[in-house]
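Data block below; observations after.
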Amino acid sequence: MSNPMSGGGMGGWSMLRSMRSRDEISTHRLQHGVARRIVAFARPYRRDIVVFLVTVVLAAVIGVATPVLAGDVIDAISRGGAEAGSLVVRLALVIAGLAVADALLSLAQRWYSARIGEGIILDLRTRVYDHVQRMPLQFFTRTQTGALVSRLNNDVLGAQRAFTSTLSGVVSNVIQLVLTAAVMFTLSWQITALSLVLLPVFIIPARRVGKRLAEITRESYNLDAKMNATMTERFNVAGALLVKLFGRPDVEARRFAGRAERVRDIGIQSAMYSRTFFVAMLLVASLAQALTYGLGGWLAVTGSVSAGTVVTLALLLTRLYGPLTALSNVRVDVMSALVSFDRVFEVLDLDPAIREKPDAVPVPRGNGRVEFRGVRFRYPSAAEISLASLEEVAALDRTVNEPVLKGVSFAVEPGQMVALVGPSGAGKSTLSMLISRIYDVTDGQVLVGGVDVRDATLDSLRDEIGVVTQDSHLFHETIAENLRYAKPDATDDELWAALAGAQVADLVRSLPDGLQTTVGERGYRFSGGEKQRIAIARLLLKAPSIVILDEATAHLDSESEAAVQRALSVALTGRTALVIAHRLSTVREADQILVLDDGRIVERGRHDELVAVGGLYAELYRTQFAVADSPTPYADATGPEPVTLPMRSYVPDDALPPAAAN
């Protein structure tokens, strides 16, 4: 007997999968116009989809024609006669030809299905990836990375199934069901009606099985997510170090084992429920076939139908249950595909905030002048830049944040060094992010080289500005690849020149793989000072006219700081420098010191002038005991007088949105 599960295309397993996701689908509210957007998205593949659907229809027709021909063979044998032998041979050859055609159609279906599906995956993933990269920084501070990656994987695959499994399944099942039912009722409506009597006996219990499977599957997904989060946190360098330092590997192992054991138990339950479902369907289909043979055989004996008709009905019956069960859940299948697309569109519909104007102009190369004119800025609220589903919260916070900067105005002339100081949360790092256009001002203007950054091309702006932070990031790639991130076409000689300028060339030469050495996750194979110098080499390779130092030596010991300062002396030569400093003794020789407090510049001037005034700067300086003992000063870009960099470890709160800073 043929397997009834295989004859329906979107047969029993599809029905079970549909019921497992029914609860999730029913709670998701689709955006307006999703179907229209999907059609527009599929337009480039319309010819492939048409050909694919034609192969599906032809395969469905062959699936119904084969049992009919098999019945004709039985009738020819039963009738006998001189022509019976040749007729049977001809019918057998036709059946063989249909089998070959079905095999070829199956290959064609698979090719077109893969072409359409993989093309859609490529388009969706690249569009989402490109779009997410353009989101504001605060989007990443709020979003769960795992949830965002899921949109690029699970939901994209779900959307792809809309054009392969769901579309082909619905068309195939409808054609096959209509043809099969029509042929069966034509041959014998009595046998057909009796065969369908047992269908409710299968569907009703199956729905209960599906509900239970949905419950345990949801629990399994939650446990898997927790285990993935645990592994991600514990297996990165910082997490592994924390576990080792606090001596809790046994506790971690027991906690993980507890969750893994529950996943194992759920897996066993799920396997048994699934097997019960399949066994039930096979049993019901077998009982239906037994009824067909029983009633059909009795009708054949009495002469009402032929023996071939009974065989044809029995074979067609195996192709009836699959489509019926699948189409009974077609709404859920379609909704599943729509929801996957909708979740992808949710991300694509987020406003990236930073956009390049169509008529944007390049920033003058090498100018280096920076000016702030009455700049006000507030961080966007969660509702403006995020999704509740990516934060795993019921609703986004719509509270409008208070301004971080409140009317800031100043200018930095080419080649000057300006220091930004002030208490934590005053807005220092936020101010630096407006220059490189990580965020846009709420009001006022930021100009680089006399051009409003909102009117500048993003490429030219980023070419002009280089940033060294207190924890410079390196990708888990080679040293050469990390350096070429600043200049993709750089030669090896240029890489070595940049490394030499950053005082780290000798170290790289001493490594067995040299430039091809993999730096490890976030560069952790190197010390803090070594990593910072590689980051400075990357900046030198970029050769910007404006350099922003955001606590560039905050995490380093004295020896590493001295090496980094020597590297920075090269990096700052002839360039405009904006130094964010927490330790005031390190910026005494700056051309201008700007003191920020509560989003405003409350004092400005040189070190001696500000100390003499006796204001906030003087108070902060006295609080730090006027310590100025950095071991190796570097030369200011505008003169020979020494200027030292910060030594104290400090994480600027104002580098994050207000919620994160608190």
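Convention: chains lettered A, B, ... in structure tokens order; per-chain residue numbering from 1; ligands numbered from 1 as shown.
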Expected answer as an MDAnalysis selection string: alpha helix (DSSP H) residues in range 337-545 of chain A: chainID A and resid 337:348 382:385 388:391 428:435 458:464 479:484 492:501 505:510 528:542
So which residues touch Val149 in chain A within 12 Å, counting only C-alpha atoms, skipping near sequence neighbours fewer than 3 positions away, as a PyMOL selection string? chain A and resi 125+128-129+132+143-146+152-156+344+347+390
Writing out the chosen residues with C-alpha atoms as a PDB file, in the first residue's frame:
```pdb
ATOM      1  CA  ARG A 125      19.136  38.998   4.032  1.00  0.00           C
ATOM      2  CA  VAL A 128      17.931  43.593   6.150  1.00  0.00           C
ATOM      3  CA  TYR A 129      21.691  43.464   6.849  1.00  0.00           C
ATOM      4  CA  VAL A 132      20.347  47.320  10.134  1.00  0.00           C
ATOM      5  CA  THR A 143      18.078  45.368  20.809  1.00  0.00           C
ATOM      6  CA  GLN A 144      18.799  41.773  21.781  1.00  0.00           C
ATOM      7  CA  THR A 145      21.394  40.554  19.324  1.00  0.00           C
ATOM      8  CA  GLY A 146      19.903  37.050  19.226  1.00  0.00           C
ATOM      9  CA  LEU A 152      18.009  37.325   9.385  1.00  0.00           C
ATOM     10  CA  ASN A 153      17.721  33.560   9.759  1.00  0.00           C
ATOM     11  CA  ASN A 154      14.431  32.089  10.959  1.00  0.00           C
ATOM     12  CA  ASP A 155      12.060  34.733   9.617  1.00  0.00           C
ATOM     13  CA  VAL A 156      13.844  35.017   6.290  1.00  0.00           C
ATOM     14  CA  VAL A 344      11.095  41.101   8.190  1.00  0.00           C
ATOM     15  CA  VAL A 347      12.836  45.747  10.568  1.00  0.00           C
ATOM     16  CA  LEU A 390      13.496  42.879  19.357  1.00  0.00           C
TER      17      LEU A 390
END
```
Give me the residues near Glu402 in chain A as a count of residues only, where near means some atom within 10 Å (using only C-alpha atoms) and where sequence neighbours in that chain fewer than 5 positions away do not count. 6
Here is a test: counting only C-alpha atoms, which residue of A:Leu98, A:Ala300, A:Leu539, A:Ile438 is nearest to Arg454 in chain A?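 Looking only at the distances to Arg454 in chain A, the closest residue turns out to be A:Ile438.
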